[in-house]
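Listing of coords.pdb; format and content: PDB, C-alpha atoms.
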```pdb
ATOM      1  CA  ARG U  13    -114.733  -5.930  48.848
ATOM      2  CA  THR U  14    -111.124  -6.353  47.991
ATOM      3  CA  ALA U  15    -111.722  -4.667  44.638
ATOM      4  CA  PHE U  16    -113.592  -1.811  46.316
ATOM      5  CA  MET U  17    -110.764  -1.237  48.778
ATOM      6  CA  GLY U  18    -108.223  -1.143  45.930
ATOM      7  CA  ALA U  19    -110.304   1.419  44.066
ATOM      8  CA  THR U  20    -110.579   3.470  47.224
ATOM      9  CA  ARG U  21    -106.827   3.444  47.671
ATOM     10  CA  ARG U  22    -106.296   4.481  44.064
ATOM     11  CA  THR U  23    -108.795   7.326  44.460
ATOM     12  CA  ARG U  24    -107.062   8.561  47.615
ATOM     13  CA  ALA U  25    -103.643   8.373  45.954
ATOM     14  CA  ARG U  26    -104.956  10.276  42.942
ATOM     15  CA  ALA U  27    -106.431  12.951  45.213
ATOM     16  CA  THR U  28    -103.127  13.235  47.070
ATOM     17  CA  VAL U  29    -101.234  13.636  43.794
ATOM     18  CA  ASP U  30    -103.732  16.257  42.574
ATOM     19  CA  ALA U  31    -103.410  18.132  45.855
ATOM     20  CA  GLU U  32     -99.633  18.128  45.605
ATOM     21  CA  ARG U  33     -99.908  19.349  42.019
ATOM     22  CA  ASP U  34    -102.158  22.208  43.122
ATOM     23  CA  GLU U  35     -99.744  23.195  45.897
ATOM     24  CA  THR U  36     -96.808  23.108  43.466
ATOM     25  CA  LYS U  37     -98.761  25.223  40.986
ATOM     26  CA  ASP U  38     -99.605  27.735  43.734
ATOM     27  CA  ASP U  39     -95.941  27.877  44.741
ATOM     28  CA  ASP U  40     -94.951  28.439  41.111
ATOM     29  CA  ASP U  41     -97.530  31.198  40.795
ATOM     30  CA  ASP U  42     -96.141  32.795  43.957
ATOM     31  CA  VAL U  43     -92.604  32.586  42.586
ATOM     32  CA  VAL U  44     -93.686  34.099  39.263
ATOM     33  CA  ALA U  45     -95.600  36.811  41.059
ATOM     34  CA  GLY U  46     -92.569  37.545  43.224
ATOM     35  CA  GLU U  47     -90.333  37.796  40.196
ATOM     36  CA  VAL U  48     -92.803  40.127  38.526
ATOM     37  CA  GLU U  49     -92.884  42.319  41.651
ATOM     38  CA  GLU U  50     -89.084  42.330  41.830
ATOM     39  CA  GLU U  51     -88.856  43.324  38.153
ATOM     40  CA  ALA U  52     -91.405  46.042  38.741
ATOM     41  CA  GLY U  53     -89.425  47.225  41.754
ATOM     42  CA  ALA U  54     -86.233  47.132  39.714
ATOM     43  CA  GLU U  55     -87.908  49.206  37.014
ATOM     44  CA  ASP U  56     -89.108  51.648  39.660
ATOM     45  CA  ASP U  57     -85.579  51.830  41.103
ATOM     46  CA  GLY U  58     -84.161  52.287  37.625
ATOM     47  CA  GLY U  59     -86.518  55.134  37.022
ATOM     48  CA  GLU U  60     -85.401  56.804  40.246
ATOM     49  CA  ASP U  61     -81.762  56.354  39.174
ATOM     50  CA  ASP U  62     -82.586  57.954  35.845
ATOM     51  CA  VAL U  63     -84.169  60.866  37.641
ATOM     52  CA  ASP U  64     -81.109  61.192  39.878
ATOM     53  CA  ASP U  65     -78.850  61.089  36.820
ATOM     54  CA  GLU U  66     -80.930  63.777  35.170
ATOM     55  CA  ASP U  67     -80.755  65.864  38.325
ATOM     56  CA  ALA U  68     -77.010  65.337  38.469
ATOM     57  CA  SER U  69     -76.554  66.334  34.839
ATOM     58  CA  SER U  70     -78.704  69.389  35.305
ATOM     59  CA  SER U  71     -76.737  70.318  38.416
ATOM     60  CA  ASP U  72     -73.523  69.984  36.375
ATOM     61  CA  ASP U  73     -74.947  72.302  33.743
ATOM     62  CA  ASP U  74     -75.814  74.850  36.408
ATOM     63  CA  LEU U  75     -72.507  74.462  38.269
ATOM     64  CA  ASP U  76     -71.367  77.795  39.672
ATOM     65  CA  ILE U  77     -67.811  78.899  38.852
ATOM     66  CA  GLU U  78     -65.772  79.510  41.954
ATOM     67  CA  LEU U  79     -64.424  83.062  41.995
ATOM     68  CA  ARG U  80     -61.161  83.720  43.793
ATOM     69  CA  ASP U  81     -60.989  87.010  45.608
ATOM     70  CA  ASN U  82     -57.233  87.532  45.637
ATOM     71  CA  ILE U  83     -55.933  86.447  42.241
ATOM     72  CA  ASP U  84     -52.258  87.261  41.778
ATOM     73  CA  VAL U  85     -52.604  88.279  38.142
ATOM     74  CA  VAL U  86     -48.974  89.301  37.887
ATOM     75  CA  ALA U  87     -47.750  85.930  39.137
ATOM     76  CA  GLU U  88     -50.017  84.069  36.711
ATOM     77  CA  HIS U  89     -48.890  86.308  33.866
ATOM     78  CA  GLU U  90     -45.228  85.665  34.719
ATOM     79  CA  ALA U  91     -45.883  81.929  34.870
ATOM     80  CA  ALA U  92     -47.368  82.091  31.371
ATOM     81  CA  GLU U  93     -44.379  84.082  30.133
ATOM     82  CA  ALA U  94     -41.996  81.587  31.724
ATOM     83  CA  ALA U  95     -43.806  78.735  29.967
ATOM     84  CA  GLU U  96     -43.522  80.559  26.633
ATOM     85  CA  ALA U  97     -39.827  81.233  27.236
ATOM     86  CA  ALA U  98     -39.220  77.572  28.076
ATOM     87  CA  GLU U  99     -41.024  76.525  24.901
ATOM     88  CA  ALA U 100     -38.935  78.937  22.820
ATOM     89  CA  GLU U 101     -35.731  77.670  24.443
ATOM     90  CA  ALA U 102     -36.676  74.071  23.721
ATOM     91  CA  LYS U 103     -37.429  74.987  20.106
ATOM     92  CA  ALA U 104     -34.047  76.707  19.745
ATOM     93  CA  ALA U 105     -32.288  73.667  21.226
ATOM     94  CA  ALA U 106     -34.121  71.417  18.776
ATOM     95  CA  GLU U 107     -33.012  73.635  15.881
ATOM     96  CA  VAL U 108     -29.397  73.459  17.051
ATOM     97  CA  GLU U 109     -29.594  69.683  17.325
ATOM     98  CA  ALA U 110     -31.134  69.431  13.855
ATOM     99  CA  GLU U 111     -28.356  71.558  12.412
ATOM    100  CA  ARG U 112     -25.754  69.409  14.136
ATOM    101  CA  ILE U 113     -27.240  66.172  12.797
ATOM    102  CA  ALA U 114     -27.521  67.622   9.291
ATOM    103  CA  ALA U 115     -23.926  68.842   9.422
ATOM    104  CA  GLU U 116     -22.638  65.485  10.680
ATOM    105  CA  THR U 117     -24.578  63.672   7.955
ATOM    106  CA  ALA U 118     -23.109  65.947   5.320
ATOM    107  CA  ALA U 119     -19.651  65.414   6.802
ATOM    108  CA  GLY U 120     -20.089  61.632   6.703
ATOM    109  CA  GLN U 121     -21.094  61.722   3.043
ATOM    110  CA  SER U 122     -17.983  63.652   2.121
ATOM    111  CA  GLY U 123     -15.852  60.527   2.586
ATOM    112  CA  ASP U 124     -12.119  60.970   2.893
ATOM    113  CA  ASP U 125     -11.958  64.188   0.949
ATOM    114  CA  ASP U 126     -10.176  66.615   3.305
ATOM    115  CA  ALA U 127     -11.412  69.678   1.498
ATOM    116  CA  GLY U 128     -14.984  68.433   1.733
ATOM    117  CA  GLU U 129     -14.589  67.733   5.444
ATOM    118  CA  ASP U 130     -13.222  71.202   6.078
ATOM    119  CA  ALA U 131     -16.090  72.781   4.163
ATOM    120  CA  ASN U 132     -18.673  70.733   6.020
ATOM    121  CA  ALA U 133     -17.073  71.534   9.375
ATOM    122  CA  ALA U 134     -17.101  75.232   8.535
ATOM    123  CA  ALA U 135     -20.739  75.013   7.449
ATOM    124  CA  ARG U 136     -21.648  73.192  10.650
ATOM    125  CA  LEU U 137     -19.960  75.836  12.817
ATOM    126  CA  ALA U 138     -21.558  78.619  10.804
ATOM    127  CA  ALA U 139     -25.014  77.058  11.174
ATOM    128  CA  VAL U 140     -24.643  76.584  14.928
ATOM    129  CA  ASP U 141     -23.296  80.121  15.296
ATOM    130  CA  ALA U 142     -26.194  81.518  13.255
ATOM    131  CA  VAL U 143     -28.730  79.734  15.441
ATOM    132  CA  ALA U 144     -26.974  80.931  18.582
ATOM    133  CA  ARG U 145     -26.844  84.503  17.324
ATOM    134  CA  GLY U 146     -30.493  84.269  16.298
ATOM    135  CA  GLY U 147     -31.472  83.215  19.815
ATOM    136  CA  ALA U 148     -29.390  85.985  21.336
ATOM    137  CA  SER U 149     -30.941  88.605  19.081
ATOM    138  CA  ARG U 150     -34.351  87.797  20.467
ATOM    139  CA  ARG U 151     -33.214  89.280  23.795
ATOM    140  CA  ARG U 152     -30.925  92.285  23.620
ATOM    141  CA  ALA U 153     -28.089  92.534  26.100
ATOM    142  CA  VAL U 154     -27.634  95.469  28.466
ATOM    143  CA  THR U 155     -24.506  95.704  30.591
ATOM    144  CA  VAL U 156     -25.218  96.805  34.152
ATOM    145  CA  TYR U 157     -22.048  98.107  35.827
ATOM    146  CA  GLY U 158     -21.433  97.982  39.557
ATOM    147  CA  LEU U 159     -22.456 100.874  41.765
ATOM    148  CA  ALA U 160     -18.854 101.182  42.963
ATOM    149  CA  ASN U 161     -17.856 102.303  39.452
ATOM    150  CA  TYR U 162     -19.662 105.608  39.902
ATOM    151  CA  THR U 163     -19.043 108.730  41.955
ATOM    152  CA  PHE U 164     -21.904 110.906  43.159
ATOM    153  CA  GLY U 165     -22.045 114.594  43.959
ATOM    154  CA  THR U 166     -24.343 117.610  43.803
ATOM    155  CA  LYS U 167     -24.696 120.784  41.758
ATOM    156  CA  HIS U 168     -26.837 123.894  41.768
ATOM    157  CA  ALA U 169     -30.507 123.319  42.379
ATOM    158  CA  ARG U 170     -32.697 122.992  39.323
ATOM    159  CA  GLY U 171     -36.148 124.452  39.484
ATOM    160  CA  GLU U 172     -38.857 121.908  40.153
ATOM    161  CA  THR U 173     -41.969 123.909  39.387
ATOM    162  CA  ASP U 174     -44.426 121.469  40.931
ATOM    163  CA  GLY U 175     -44.415 120.643  44.606
ATOM    164  CA  SER U 176     -47.206 118.106  44.242
ATOM    165  CA  ILE U 177     -49.086 116.063  41.671
ATOM    166  CA  ALA U 178     -52.097 118.370  41.940
ATOM    167  CA  ALA U 179     -49.940 121.420  41.146
ATOM    168  CA  LYS U 180     -48.380 119.613  38.192
ATOM    169  CA  LEU U 181     -51.801 118.765  36.747
ATOM    170  CA  LEU U 182     -53.022 122.342  37.096
ATOM    171  CA  ARG U 183     -49.927 123.662  35.323
ATOM    172  CA  MET U 184     -50.279 120.980  32.650
ATOM    173  CA  LYS U 185     -53.856 122.012  32.009
ATOM    174  CA  ALA U 186     -52.858 125.632  31.523
ATOM    175  CA  ALA U 187     -49.996 124.637  29.190
ATOM    176  CA  TYR U 188     -52.281 122.328  27.207
ATOM    177  CA  GLU U 189     -54.595 125.226  26.372
ATOM    178  CA  LYS U 190     -51.603 127.092  24.881
ATOM    179  CA  ARG U 191     -49.403 124.397  23.321
ATOM    180  CA  GLY U 192     -51.509 121.242  23.163
ATOM    181  CA  LYS U 193     -50.332 117.766  24.100
ATOM    182  CA  ARG U 194     -47.298 117.432  26.346
ATOM    183  CA  THR U 195     -44.617 114.954  25.194
ATOM    184  CA  SER U 196     -42.255 113.608  27.849
ATOM    185  CA  VAL U 197     -39.388 111.119  27.941
ATOM    186  CA  GLY U 198     -37.953 108.995  30.716
ATOM    187  CA  ALA U 199     -34.685 107.029  31.026
ATOM    188  CA  ILE U 200     -34.386 103.569  32.588
ATOM    189  CA  CYS U 201     -30.794 103.633  33.912
ATOM    190  CA  MET U 202     -29.450 100.714  35.933
ATOM    191  CA  VAL U 203     -26.562  99.931  38.265
ATOM    192  CA  ASN U 204     -25.563  96.635  39.854
ATOM    193  CA  GLN U 205     -25.515  96.240  43.624
ATOM    194  CA  HIS U 206     -25.364  92.878  45.466
ATOM    195  CA  HIS U 207     -25.789  91.121  42.113
ATOM    196  CA  THR U 208     -29.197  92.767  41.667
ATOM    197  CA  PRO U 209     -30.140  95.411  39.081
ATOM    198  CA  HIS U 210     -31.095  98.752  40.633
ATOM    199  CA  VAL U 211     -32.996 101.476  38.740
ATOM    200  CA  LEU U 212     -31.976 105.117  39.216
ATOM    201  CA  LEU U 213     -34.843 107.344  40.356
ATOM    202  CA  LEU U 214     -35.039 111.008  41.281
ATOM    203  CA  GLN U 215     -36.905 111.713  44.489
ATOM    204  CA  ILE U 216     -38.715 115.051  44.372
ATOM    205  CA  THR U 217     -40.589 114.838  47.680
ATOM    206  CA  PRO U 218     -40.709 112.084  50.320
ATOM    207  CA  THR U 219     -43.595 110.496  48.408
ATOM    208  CA  SER U 220     -42.887 111.550  44.819
ATOM    209  CA  TYR U 221     -40.470 109.796  42.431
ATOM    210  CA  LYS U 222     -39.695 110.052  38.732
ATOM    211  CA  LEU U 223     -37.298 108.710  36.136
ATOM    212  CA  PRO U 224     -34.533 111.000  34.850
ATOM    213  CA  GLY U 225     -36.027 112.890  31.936
ATOM    214  CA  GLY U 226     -38.764 115.434  31.384
ATOM    215  CA  ARG U 227     -40.763 117.414  28.843
ATOM    216  CA  LEU U 228     -39.522 117.804  25.291
ATOM    217  CA  ARG U 229     -39.294 121.168  23.601
ATOM    218  CA  ALA U 230     -41.379 121.952  20.544
ATOM    219  CA  GLY U 231     -39.973 120.094  17.526
ATOM    220  CA  GLU U 232     -37.293 118.318  19.605
ATOM    221  CA  GLY U 233     -36.561 114.658  18.841
ATOM    222  CA  ASP U 234     -36.996 111.962  21.461
ATOM    223  CA  GLU U 235     -33.314 110.978  21.693
ATOM    224  CA  ASP U 236     -31.971 114.531  21.584
ATOM    225  CA  GLY U 237     -34.440 115.677  24.215
ATOM    226  CA  LEU U 238     -33.661 112.745  26.489
ATOM    227  CA  LEU U 239     -29.903 113.329  26.261
ATOM    228  CA  ARG U 240     -30.468 117.008  27.103
ATOM    229  CA  LYS U 241     -32.528 116.077  30.146
ATOM    230  CA  LEU U 242     -29.950 113.517  31.304
ATOM    231  CA  ARG U 243     -27.181 116.110  31.072
ATOM    232  CA  ASN U 244     -29.368 118.534  32.962
ATOM    233  CA  LYS U 245     -30.224 116.098  35.758
ATOM    234  CA  LEU U 246     -27.141 113.862  36.092
ATOM    235  CA  GLN U 247     -24.022 115.414  34.519
ATOM    236  CA  PRO U 248     -21.757 117.902  36.320
ATOM    237  CA  GLU U 249     -21.708 121.559  35.414
ATOM    238  CA  ARG U 250     -19.388 122.489  32.577
ATOM    239  CA  ASP U 251     -17.390 124.841  34.789
ATOM    240  CA  ASP U 252     -16.663 122.070  37.308
ATOM    241  CA  GLY U 253     -13.731 120.921  35.207
ATOM    242  CA  LEU U 254     -14.945 117.310  35.110
ATOM    243  CA  ALA U 255     -14.926 115.245  31.945
ATOM    244  CA  GLU U 256     -18.223 115.075  30.116
ATOM    245  CA  TYR U 257     -19.639 111.806  28.949
ATOM    246  CA  GLU U 258     -22.521 110.622  26.816
ATOM    247  CA  PHE U 259     -25.339 108.244  27.560
ATOM    248  CA  GLU U 260     -26.321 105.593  25.039
ATOM    249  CA  VAL U 261     -30.050 105.756  24.394
ATOM    250  CA  GLY U 262     -31.447 102.355  23.503
ATOM    251  CA  ASP U 263     -34.893 101.007  22.662
ATOM    252  CA  ARG U 264     -38.159 102.670  23.451
ATOM    253  CA  VAL U 265     -39.821 100.039  25.612
ATOM    254  CA  ALA U 266     -43.124 101.655  26.576
ATOM    255  CA  THR U 267     -45.487 104.528  25.806
ATOM    256  CA  TRP U 268     -47.946 105.826  28.378
ATOM    257  CA  TYR U 269     -50.867 108.189  27.817
ATOM    258  CA  ARG U 270     -52.586 110.637  30.135
ATOM    259  CA  THR U 271     -56.164 110.867  28.909
ATOM    260  CA  ALA U 272     -57.295 113.593  31.325
ATOM    261  CA  PHE U 273     -55.750 115.957  33.827
ATOM    262  CA  GLU U 274     -55.597 113.177  36.388
ATOM    263  CA  PRO U 275     -52.734 111.168  37.942
ATOM    264  CA  GLN U 276     -53.734 107.953  36.165
ATOM    265  CA  MET U 277     -51.861 107.044  32.953
ATOM    266  CA  TYR U 278     -52.426 104.095  30.611
ATOM    267  CA  PRO U 279     -49.969 101.989  28.556
ATOM    268  CA  TYR U 280     -52.347 102.260  25.601
ATOM    269  CA  LEU U 281     -54.563 104.919  24.046
ATOM    270  CA  PRO U 282     -58.244 104.163  24.686
ATOM    271  CA  ALA U 283     -60.377 104.061  21.557
ATOM    272  CA  HIS U 284     -62.620 106.939  22.645
ATOM    273  CA  ILE U 285     -59.658 109.285  23.303
ATOM    274  CA  THR U 286     -58.556 111.332  20.298
ATOM    275  CA  LYS U 287     -56.576 114.053  22.104
ATOM    276  CA  PRO U 288     -54.475 112.724  24.982
ATOM    277  CA  LYS U 289     -53.136 115.334  27.366
ATOM    278  CA  GLU U 290     -49.665 113.802  27.709
ATOM    279  CA  GLU U 291     -47.564 111.125  26.011
ATOM    280  CA  LEU U 292     -44.710 109.610  28.031
ATOM    281  CA  LYS U 293     -42.048 107.504  26.284
ATOM    282  CA  LEU U 294     -39.683 105.261  28.247
ATOM    283  CA  PHE U 295     -36.239 104.312  26.922
ATOM    284  CA  VAL U 296     -33.591 101.887  28.161
ATOM    285  CA  VAL U 297     -30.339 103.830  28.562
ATOM    286  CA  GLN U 298     -26.885 102.242  28.760
ATOM    287  CA  LEU U 299     -24.735 104.026  31.350
ATOM    288  CA  PRO U 300     -21.011 104.563  30.797
ATOM    289  CA  GLU U 301     -18.714 102.099  32.538
ATOM    290  CA  LYS U 302     -17.487 104.838  34.895
ATOM    291  CA  CYS U 303     -18.653 108.404  35.412
ATOM    292  CA  TYR U 304     -19.429 111.141  37.909
ATOM    293  CA  PHE U 305     -23.068 111.888  38.653
ATOM    294  CA  ALA U 306     -23.935 115.412  39.784
ATOM    295  CA  VAL U 307     -27.501 115.751  41.035
ATOM    296  CA  PRO U 308     -29.290 119.069  41.695
ATOM    297  CA  LYS U 309     -29.319 119.858  45.403
ATOM    298  CA  ASN U 310     -33.095 119.972  45.568
ATOM    299  CA  LEU U 311     -33.348 116.376  44.281
ATOM    300  CA  LYS U 312     -32.155 113.050  45.645
ATOM    301  CA  LEU U 313     -30.830 110.267  43.447
ATOM    302  CA  LEU U 314     -31.908 106.787  44.542
ATOM    303  CA  ALA U 315     -30.897 103.323  43.320
ATOM    304  CA  VAL U 316     -33.969 101.146  43.850
ATOM    305  CA  PRO U 317     -33.785  97.334  43.366
ATOM    306  CA  ILE U 318     -36.156  95.986  40.762
ATOM    307  CA  PHE U 319     -37.871  93.708  43.277
ATOM    308  CA  GLU U 320     -38.855  96.827  45.221
ATOM    309  CA  LEU U 321     -40.481  98.312  42.114
ATOM    310  CA  TYR U 322     -42.271  95.102  41.163
ATOM    311  CA  ALA U 323     -46.053  95.303  41.729
ATOM    312  CA  ASN U 324     -45.649  98.481  43.789
ATOM    313  CA  PRO U 325     -47.637 101.149  41.899
ATOM    314  CA  THR U 326     -48.984 102.619  45.128
ATOM    315  CA  LYS U 327     -45.552 103.966  46.055
ATOM    316  CA  TYR U 328     -43.863 104.530  42.698
ATOM    317  CA  GLY U 329     -46.725 104.841  40.221
ATOM    318  CA  ALA U 330     -47.813 102.436  37.503
ATOM    319  CA  GLU U 331     -45.203 103.638  34.993
ATOM    320  CA  ILE U 332     -42.209 102.938  37.256
ATOM    321  CA  ALA U 333     -43.750  99.760  38.711
ATOM    322  CA  SER U 334     -43.949  98.306  35.185
ATOM    323  CA  ILE U 335     -40.166  98.496  34.661
ATOM    324  CA  PRO U 336     -39.387  94.939  35.908
ATOM    325  CA  HIS U 337     -41.740  93.580  33.237
ATOM    326  CA  LEU U 338     -40.119  95.713  30.550
ATOM    327  CA  LEU U 339     -36.630  94.554  31.533
ATOM    328  CA  SER U 340     -37.626  90.898  31.229
ATOM    329  CA  ASN U 341     -37.149  91.305  27.463
ATOM    330  CA  TYR U 342     -33.416  91.930  27.993
ATOM    331  CA  ARG U 343     -30.412  89.928  29.046
ATOM    332  CA  LEU U 344     -28.983  91.959  31.906
ATOM    333  CA  GLN U 345     -25.249  91.327  32.075
ATOM    334  CA  LEU U 346     -24.308  92.233  35.639
ATOM    335  CA  ASP U 347     -20.738  93.473  35.869
TER     336      ASP U 347
END
```

Rewrite the structure of this file - the entire thing - as structure tokens.
Amino acid sequence: RTAFMGATRRTRARATVDAERDETKDDDDDVVAGEVEEEAGAEDDGGEDDVDDEDASSSDDDLDIELRDNIDVVAEHEAAEAAEAAEAEAKAAAEVEAERIAAETAAGQSGDDDAGEDANAAARLAAVDAVARGGASRRRAVTVYGLANYTFGTKHARGETDGSIAAKLLRMKAAYEKRGKRTSVGAICMVNQHHTPHVLLLQITPTSYKLPGGRLRAGEGDEDGLLRKLRNKLQPERDDGLAEYEFEVGDRVATWYRTAFEPQMYPYLPAHITKPKEELKLFVVQLPEKCYFAVPKNLKLLAVPIFELYANPTKYGAEIASIPHLLSNYRLQLD
């Protein structure tokens, strides 16, 4: 009986161990199954992330460009020009510095030879001066004398045939049928007031302005015709006893084209236009240091600051409103 009881105990112990093994195995299977489910879930989540990434990339490809309604094109253009000017100035400064270093190196190699030092010093000064003059030549200088230097008066009225733009266009159309294209010139004359350049304009009507100048005669040169028009519009009569003076006609800075008998003009000739109706050439004119202006009684001479002209084509027209841009190519020396 003792042996039977021992066998019974061993059997029960073995059954208990087997049961514990089965429970452990079931737990392990549950753990493995859980890990498999988690991996499957992770793969499912990863797939959703991939889909989201694809959607995001496709949305980037189809991204709409934001359009600004009020883009200040002029301001952006000036900013680009200022950046180019700064780059050119930095390049010129680098050239000057390179010349200085090269000259100093050459001077150091000359030793104690006085003649060599003098030659190197002269070469260094010449190189620096050449660079400086080269930078100055990129922007021509125009002296703008003070408004107080000038005296203003009137003279006999000069006939202004056109009382309006519409009348001018009708007359131009009739003249075009007889003589062909009209060629005109205009003078950009400046005076200094409150340390600001002012452009001289002739006011024809309360809403009509033009530069001193006008239509050229058949076969007349640009400079000769412009000087004739300036004498006609600004100089005193010969019998007034006042001293005559001459204007200095400088560079032609712009050419405008009228493609049809319409107010609009363009600073270029469109490709499809072979016979423009009018060609207007603008010149920078250097005024004398002192003179007497005599303006026809039916016209009014105005000195308009350049900031008033800037981006103001509605009042002055596109040709006159472009003058501040044209003058940016010059060094205006305000007297």

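If you look at CA of Gly329 (chain U) and CA of Ala230 (chain U), they are 26.6 Å away from each other.
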
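A straight line drawn from CA of Thr163 (chain U) to CA of Lys302 (chain U) is 8.2 Å long.
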
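A straight line drawn from CA of Asn341 (chain U) to CA of Asn324 (chain U) is 19.8 Å long.
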
Checklist entry - Of the residues U:Ala95, U:Thr166, U:Thr326, U:Gln345, which is the one nearest to Leu311 (chain U), using all atoms listed in the file? => result U:Thr166

Item to check | For Asn204 (chain U): contacts at 9 Å, only C-alpha atoms, fewer than 5 positions along chain excluded, given as a PyMOL selection string | outcome: chain U and resi 156-160+209-211+317+346-347

Checklist entry - For the file shown, what are the residues hit by the PyMOL selection byres ((chain U and resi 319-323) around 9), laid out as number ranges by chain? => result U: 86, 208-211, 316-318, 324-328, 330, 332-337

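For the structure shown here, the set of residues caught by the PyMOL selection byres ((chain U and resi 227) around 9) is U:Arg194, U:Thr195, U:Ser196, U:Val197, U:Gly225, U:Gly226, U:Leu228, U:Arg229, U:Gly237, U:Leu238, U:Lys241, U:Leu292.
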
Item to check | Counting only C-alpha atoms, the residue of U:Glu258, U:Glu274, U:Glu249, U:Glu107 that sits nearest Cys303 (chain U) | outcome: U:Glu258

Next on the checklist: Expand the PyMOL selection byres ((chain U and resi 281) around 12) into the explicit residue set it covers here, and present it as a ChimeraX atom specification.
Outcome noted: /U:267-272,277-280,282-292

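Minimum distance to Ala153 (chain U) across U:Asp236, U:Glu93, U:Asp263, U:Glu331 (counting all atoms listed in the file) occurs at U:Asp263.
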